[in-house]
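Everything on this sheet refers to the single structure shown next.
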Amino acid sequence: MNPNREAYDRISAEWAKARDGREIDPCIVDFAASIPQGGAVLDIGCGTGAPIDVYLAKCGFSVTGVDFSPEMIRRARQKALPRAQFLVCDLLEYEPDAPFDAAIAFDSIWHVEKECQREIYPRIARWLRPGGRLLFTHGKCDGSVKGEMFGVTFEYSALDTTELREILNASGFEIESMVENYAHPITGTRDLLVTAKKRR
């Protein structure tokens with residue numbers, strides 16, 4: 001079992017307190033504007049559903065949130081968002097019933113173990129319709145590191161950016177932007193913010 005699962009269960013209350021009611025990052029607003037009206041969006045590593053899924057639901061999208069933390073999903077379901085469902089599921093075990101118009105993985109892909117990182121992008125590509133959009137955050141350096149949130153240790157992994165580009169291309173994605181050291185007052189800094197489109 002991924003050790004980050006239990007870690008997120010442990011911090012779920014602190015996580016919810018920090019994110020419920022938080023403003024939405026403009027990168028999510030811009031990304032949502034590119035999704036067909038009323039489209040289906042997958043949130044990978046959705047946490048408690050705030051603020052991203054709350055915003056997407058208000059925009060009228062059909063939202064599916066998946067997260068490996070039962071406590072996070074319990075809190076997400078309590079929000080009773082319209083046209084939204086939340087599933088306890090690992091990214092590498094998930095199989096959707098229908099394709100999505102877009103997928104978001106904000107601060108989640110880097111919790112997948114290093115040896116499984118290459119599996120992520122072909123899987124997401126299969127879940128998207130042709131022309132489907134993908135937004136995700138990522139590290140810049142190949143390898144694994146440990147970090148801490150709310151006094152709990154977490155593990156993070158990433159691919160080298162050159163390999164990431166190659167895998168996205170091989171998986172059928174066209175990279176639209178890859179912003180290094182993305183920063184915003186609402187959500188802080190990220191090594192990489194990537195948007196891509198599945199080729200038709």
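Labels used: A, B, ... for chains in the order of the structure tokens, numbers from 1 for residues in each chain, and numbers from 1 for ligands as shown.
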
Can you tell me, as an NGL selection string, what residues are no more than 8 Å from stretch 66-72 of chain A when counting only C-alpha atoms, ignoring any on the same chain fewer than 4 positions away?
:A and (5-6 or 8-9 or 12 or 42-48 or 76 or 86-91)

C-alpha atoms of the current selection, written as a compact mmCIF listing (two decimals), in the first residue's frame:
```txt
# COMPACT_ATOMS: atom_id res chain seq x y z
CA ARG A 5 -2.61 6.94 1.87
CA GLU A 6 -2.47 6.60 5.65
CA TYR A 8 -3.52 11.74 4.14
CA ASP A 9 -6.06 10.03 6.38
CA SER A 12 -7.64 15.08 6.64
CA LEU A 42 -11.91 13.75 -13.60
CA ASP A 43 -10.10 15.08 -10.52
CA ILE A 44 -7.20 12.73 -9.71
CA GLY A 45 -6.29 12.99 -6.04
CA CYS A 46 -9.34 15.10 -5.28
CA GLY A 47 -8.85 15.24 -1.52
CA THR A 48 -11.85 16.79 0.21
CA ALA A 76 -15.72 15.26 -0.09
CA PHE A 86 -16.28 10.72 -5.18
CA LEU A 87 -14.57 7.33 -5.19
CA VAL A 88 -11.98 5.74 -2.91
CA CYS A 89 -9.56 4.46 -5.51
CA ASP A 90 -5.86 4.44 -6.34
CA LEU A 91 -4.93 6.13 -9.61
```

Using only C-alpha atoms, determine which residues lie at most 6 Å from stretch 138-140 of chain A, disregarding the query and same-chain residues fewer than 4 positions distant; provide the list as a PyMOL selection string.
chain A and resi 158+161+191-192

Selection file, N, CA and C atoms, as a PDB file, in the first residue's frame:
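Produced file selection00.pdb, reproduced below:
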```pdb
ATOM      1  N   ALA A 158       9.138  11.924  -9.027  1.00  0.00           N
ATOM      2  CA  ALA A 158       8.957  12.604 -10.314  1.00  0.00           C
ATOM      3  C   ALA A 158       9.911  12.028 -11.346  1.00  0.00           C
ATOM      4  N   THR A 161      12.228  16.023 -16.635  1.00  0.00           N
ATOM      5  CA  THR A 161      11.317  16.721 -17.542  1.00  0.00           C
ATOM      6  C   THR A 161      11.456  16.251 -18.990  1.00  0.00           C
ATOM      7  N   ASP A 191       6.959  23.114  -8.881  1.00  0.00           N
ATOM      8  CA  ASP A 191       8.086  22.971  -9.801  1.00  0.00           C
ATOM      9  C   ASP A 191       7.633  23.097 -11.249  1.00  0.00           C
ATOM     10  N   LEU A 192       6.568  22.365 -11.590  1.00  0.00           N
ATOM     11  CA  LEU A 192       6.049  22.383 -12.958  1.00  0.00           C
ATOM     12  C   LEU A 192       4.527  22.418 -12.937  1.00  0.00           C
TER      13      LEU A 192
END
```

Do you have, as a tab-separated table, the list of residues of stretch 70-155 of chain A lying at most 7 Å from stretch 170-178 of chain A, each with its nearest atom pair and that distance in Å to one decimal, counting only C-alpha atoms and ordered by chain then number?
```
residue	atom	partner	partner_atom	distance
A:Tyr121	CA	A:Ser171	CA	6.2
A:Pro122	CA	A:Ser171	CA	4.9
A:Ala125	CA	A:Ser171	CA	6.4
```

Contacts of A:His184 within 12 Å, only C-alpha atoms, excl. fewer than 5 positions in-chain, as a ChimeraX atom specification:
/A:23-28,189-190,193

Selection to disk with N, CA and C atoms, as an mmCIF file, in the first residue's frame:
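part.cif, written as the output of this step:
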```cif
data_model
loop_
_atom_site.group_PDB
_atom_site.id
_atom_site.type_symbol
_atom_site.label_atom_id
_atom_site.label_comp_id
_atom_site.auth_asym_id
_atom_site.auth_seq_id
_atom_site.Cartn_x
_atom_site.Cartn_y
_atom_site.Cartn_z
ATOM 1 N N GLU A 23 -9.989 30.398 -2.054
ATOM 2 C CA GLU A 23 -10.210 30.836 -3.437
ATOM 3 C C GLU A 23 -9.603 29.840 -4.413
ATOM 4 N N ILE A 24 -10.129 29.842 -5.629
ATOM 5 C CA ILE A 24 -9.636 28.933 -6.656
ATOM 6 C C ILE A 24 -8.437 29.554 -7.370
ATOM 7 N N ASP A 25 -7.436 28.733 -7.648
ATOM 8 C CA ASP A 25 -6.256 29.207 -8.380
ATOM 9 C C ASP A 25 -6.666 29.577 -9.805
ATOM 10 N N PRO A 26 -6.202 30.731 -10.320
ATOM 11 C CA PRO A 26 -6.565 31.147 -11.685
ATOM 12 C C PRO A 26 -6.204 30.124 -12.751
ATOM 13 N N CYS A 27 -5.200 29.271 -12.518
ATOM 14 C CA CYS A 27 -4.864 28.266 -13.523
ATOM 15 C C CYS A 27 -6.006 27.276 -13.699
ATOM 16 N N ILE A 28 -6.766 27.009 -12.635
ATOM 17 C CA ILE A 28 -7.927 26.125 -12.735
ATOM 18 C C ILE A 28 -9.058 26.829 -13.479
ATOM 19 N N THR A 189 3.912 27.684 -4.584
ATOM 20 C CA THR A 189 4.760 27.407 -5.738
ATOM 21 C C THR A 189 4.727 25.919 -6.100
ATOM 22 N N ARG A 190 4.959 25.636 -7.389
ATOM 23 C CA ARG A 190 5.048 24.278 -7.907
ATOM 24 C C ARG A 190 6.215 24.213 -8.885
ATOM 25 N N LEU A 193 3.955 23.213 -13.826
ATOM 26 C CA LEU A 193 2.519 23.186 -14.091
ATOM 27 C C LEU A 193 2.374 22.882 -15.581
#
```

Picked from stretch 61-167 of chain A by DSSP as helix (DSSP H, G or I), as a ChimeraX atom specification:
/A:70-78,109-111,114-127,161-167

Could those residues be written to a file, using N, CA, C and O atoms, as a tab-separated table (two decimals), in the first residue's frame?
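Once written, selection-v3.tsv looks like this:
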```
chain	number	residue	atom	x	y	z
A	70	PRO	N	-9.59	7.20	2.26
A	70	PRO	CA	-11.01	7.13	2.63
A	70	PRO	C	-11.50	8.34	3.41
A	70	PRO	O	-12.64	8.79	3.23
A	71	GLU	N	-10.65	8.89	4.27
A	71	GLU	CA	-11.07	10.05	5.07
A	71	GLU	C	-11.28	11.27	4.18
A	71	GLU	O	-12.21	12.05	4.40
A	72	MET	N	-10.41	11.47	3.21
A	72	MET	CA	-10.58	12.59	2.29
A	72	MET	C	-11.89	12.45	1.51
A	72	MET	O	-12.65	13.41	1.34
A	73	ILE	N	-12.15	11.25	1.02
A	73	ILE	CA	-13.38	11.02	0.24
A	73	ILE	C	-14.61	11.18	1.11
A	73	ILE	O	-15.64	11.72	0.67
A	74	ARG	N	-14.55	10.74	2.35
A	74	ARG	CA	-15.69	10.93	3.25
A	74	ARG	C	-16.04	12.41	3.38
A	74	ARG	O	-17.21	12.79	3.31
A	75	ARG	N	-15.03	13.23	3.53
A	75	ARG	CA	-15.26	14.67	3.65
A	75	ARG	C	-15.75	15.27	2.34
A	75	ARG	O	-16.58	16.20	2.33
A	76	ALA	N	-15.26	14.76	1.21
A	76	ALA	CA	-15.72	15.26	-0.09
A	76	ALA	C	-17.20	14.94	-0.29
A	76	ALA	O	-17.98	15.78	-0.77
A	77	ARG	N	-17.60	13.74	0.06
A	77	ARG	CA	-19.01	13.34	-0.12
A	77	ARG	C	-19.94	14.16	0.74
A	77	ARG	O	-21.10	14.40	0.36
A	78	GLN	N	-19.48	14.60	1.89
A	78	GLN	CA	-20.31	15.41	2.78
A	78	GLN	C	-20.72	16.73	2.14
A	78	GLN	O	-21.71	17.33	2.54
A	109	ILE	N	-0.06	13.50	-8.67
A	109	ILE	CA	0.75	12.55	-9.43
A	109	ILE	C	2.07	12.27	-8.74
A	109	ILE	O	2.59	11.15	-8.77
A	110	TRP	N	2.64	13.26	-8.06
A	110	TRP	CA	3.95	13.06	-7.45
A	110	TRP	C	3.90	12.17	-6.22
A	110	TRP	O	4.94	11.84	-5.66
A	111	HIS	N	2.71	11.73	-5.81
A	111	HIS	CA	2.62	10.76	-4.71
A	111	HIS	C	2.63	9.31	-5.21
A	111	HIS	O	2.62	8.39	-4.40
A	114	LYS	N	7.90	6.00	-7.52
A	114	LYS	CA	8.78	6.29	-8.65
A	114	LYS	C	8.71	5.21	-9.73
A	114	LYS	O	8.65	5.51	-10.93
A	115	GLU	N	8.71	3.93	-9.32
A	115	GLU	CA	8.72	2.86	-10.30
A	115	GLU	C	7.42	2.74	-11.10
A	115	GLU	O	7.37	2.05	-12.12
A	116	CYS	N	6.39	3.46	-10.67
A	116	CYS	CA	5.10	3.42	-11.37
A	116	CYS	C	4.80	4.70	-12.14
A	116	CYS	O	3.75	4.82	-12.78
A	117	GLN	N	5.68	5.70	-12.05
A	117	GLN	CA	5.41	7.00	-12.67
A	117	GLN	C	5.12	6.89	-14.17
A	117	GLN	O	4.29	7.62	-14.70
A	118	ARG	N	5.82	5.99	-14.87
A	118	ARG	CA	5.66	5.90	-16.32
A	118	ARG	C	4.30	5.33	-16.74
A	118	ARG	O	3.91	5.47	-17.89
A	119	GLU	N	3.60	4.70	-15.80
A	119	GLU	CA	2.29	4.12	-16.10
A	119	GLU	C	1.18	5.17	-16.14
A	119	GLU	O	0.11	4.91	-16.69
A	120	ILE	N	1.43	6.31	-15.53
A	120	ILE	CA	0.36	7.27	-15.30
A	120	ILE	C	-0.23	7.81	-16.60
A	120	ILE	O	-1.46	7.82	-16.79
A	121	TYR	N	0.61	8.27	-17.50
A	121	TYR	CA	0.13	9.06	-18.64
A	121	TYR	C	-0.57	8.23	-19.71
A	121	TYR	O	-1.59	8.69	-20.25
A	122	PRO	N	-0.12	7.01	-20.02
A	122	PRO	CA	-0.93	6.18	-20.93
A	122	PRO	C	-2.32	5.88	-20.37
A	122	PRO	O	-3.30	5.82	-21.10
A	123	ARG	N	-2.40	5.70	-19.05
A	123	ARG	CA	-3.69	5.44	-18.42
A	123	ARG	C	-4.62	6.64	-18.57
A	123	ARG	O	-5.77	6.50	-18.99
A	124	ILE	N	-4.13	7.82	-18.23
A	124	ILE	CA	-4.97	9.02	-18.34
A	124	ILE	C	-5.39	9.24	-19.78
A	124	ILE	O	-6.54	9.61	-20.06
A	125	ALA	N	-4.49	9.00	-20.72
A	125	ALA	CA	-4.83	9.18	-22.14
A	125	ALA	C	-6.00	8.29	-22.54
A	125	ALA	O	-6.88	8.71	-23.31
A	126	ARG	N	-6.03	7.06	-22.03
A	126	ARG	CA	-7.13	6.15	-22.35
A	126	ARG	C	-8.46	6.65	-21.81
A	126	ARG	O	-9.52	6.35	-22.37
A	127	TRP	N	-8.39	7.40	-20.72
A	127	TRP	CA	-9.63	7.86	-20.08
A	127	TRP	C	-10.21	9.11	-20.72
A	127	TRP	O	-11.35	9.49	-20.41
A	161	THR	N	12.23	16.02	-16.64
A	161	THR	CA	11.32	16.72	-17.54
A	161	THR	C	11.46	16.25	-18.99
A	161	THR	O	10.47	16.22	-19.73
A	162	THR	N	12.67	15.88	-19.40
A	162	THR	CA	12.85	15.37	-20.76
A	162	THR	C	12.09	14.06	-20.95
A	162	THR	O	11.38	13.87	-21.95
A	163	GLU	N	12.19	13.17	-19.98
A	163	GLU	CA	11.46	11.91	-20.06
A	163	GLU	C	9.96	12.14	-19.97
A	163	GLU	O	9.17	11.47	-20.66
A	164	LEU	N	9.55	13.08	-19.15
A	164	LEU	CA	8.13	13.41	-19.04
A	164	LEU	C	7.58	13.84	-20.39
A	164	LEU	O	6.51	13.39	-20.81
A	165	ARG	N	8.31	14.71	-21.08
A	165	ARG	CA	7.87	15.14	-22.41
A	165	ARG	C	7.75	13.96	-23.36
A	165	ARG	O	6.77	13.85	-24.11
A	166	GLU	N	8.73	13.07	-23.31
A	166	GLU	CA	8.73	11.92	-24.21
A	166	GLU	C	7.54	11.00	-23.93
A	166	GLU	O	6.89	10.51	-24.87
A	167	ILE	N	7.24	10.77	-22.65
A	167	ILE	CA	6.13	9.88	-22.30
A	167	ILE	C	4.79	10.50	-22.67
A	167	ILE	O	3.89	9.81	-23.18
```

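Atom to atom, atom CA of A:Ala57 and atom CA of A:Asn4 stand 27.0 Å apart.
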
Neighbours of A:Ala18 within 12 Å (only C-alpha atoms; same-chain residues fewer than 2 positions away dropped), as a list in words?
Ile11, Ser12, Ala13, Glu14, Trp15, Ala16, Asp20, Gly21, Arg22, Glu23, Gly47, Thr48, Ala50, Pro51, Met149, Phe150, Ile186 and Thr187 of chain A

Nearest residue to A:Asn169 out of A:Tyr156, A:Pro185, A:Arg199, A:Gly65, using only C-alpha atoms?
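Looking only at the distances to A:Asn169, the closest residue turns out to be A:Arg199.
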
Which is closest to A:Asp160 among A:Asp101, A:Glu180, A:Asp142, A:Glu93, if we use only C-alpha atoms?
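Closest to A:Asp160 of all the choices is A:Asp142.
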
Between A:Pro36, A:Gly188, A:Gly132, A:Pro82, smallest distance to A:Ala103 by only C-alpha atoms belongs to A:Gly132

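Each of A:Asp53, A:Pro130, A:Cys59, A:Glu148 was compared to A:Ala80 using only C-alpha atoms, and A:Asp53 turns out to be the nearest.
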
Expressed in Å, the length from atom CA of A:Ala33 to atom CA of A:Val54 is 15.3 Å

Report, in Å with one decimal, the straight-line distance from atom CA of A:Leu159 to atom CA of A:Phe106.
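Interatomic distance, atom CA of A:Leu159 to atom CA of A:Phe106: 16.1 Å.
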
Select, from A:Ala183, A:Ala84, A:Lys198, A:Leu134, the residue with the minimum atom-to-atom distance to A:Phe31, counting only C-alpha atoms.
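Between A:Ala183, A:Ala84, A:Lys198, A:Leu134, the residue approaching A:Phe31 most closely is A:Leu134.
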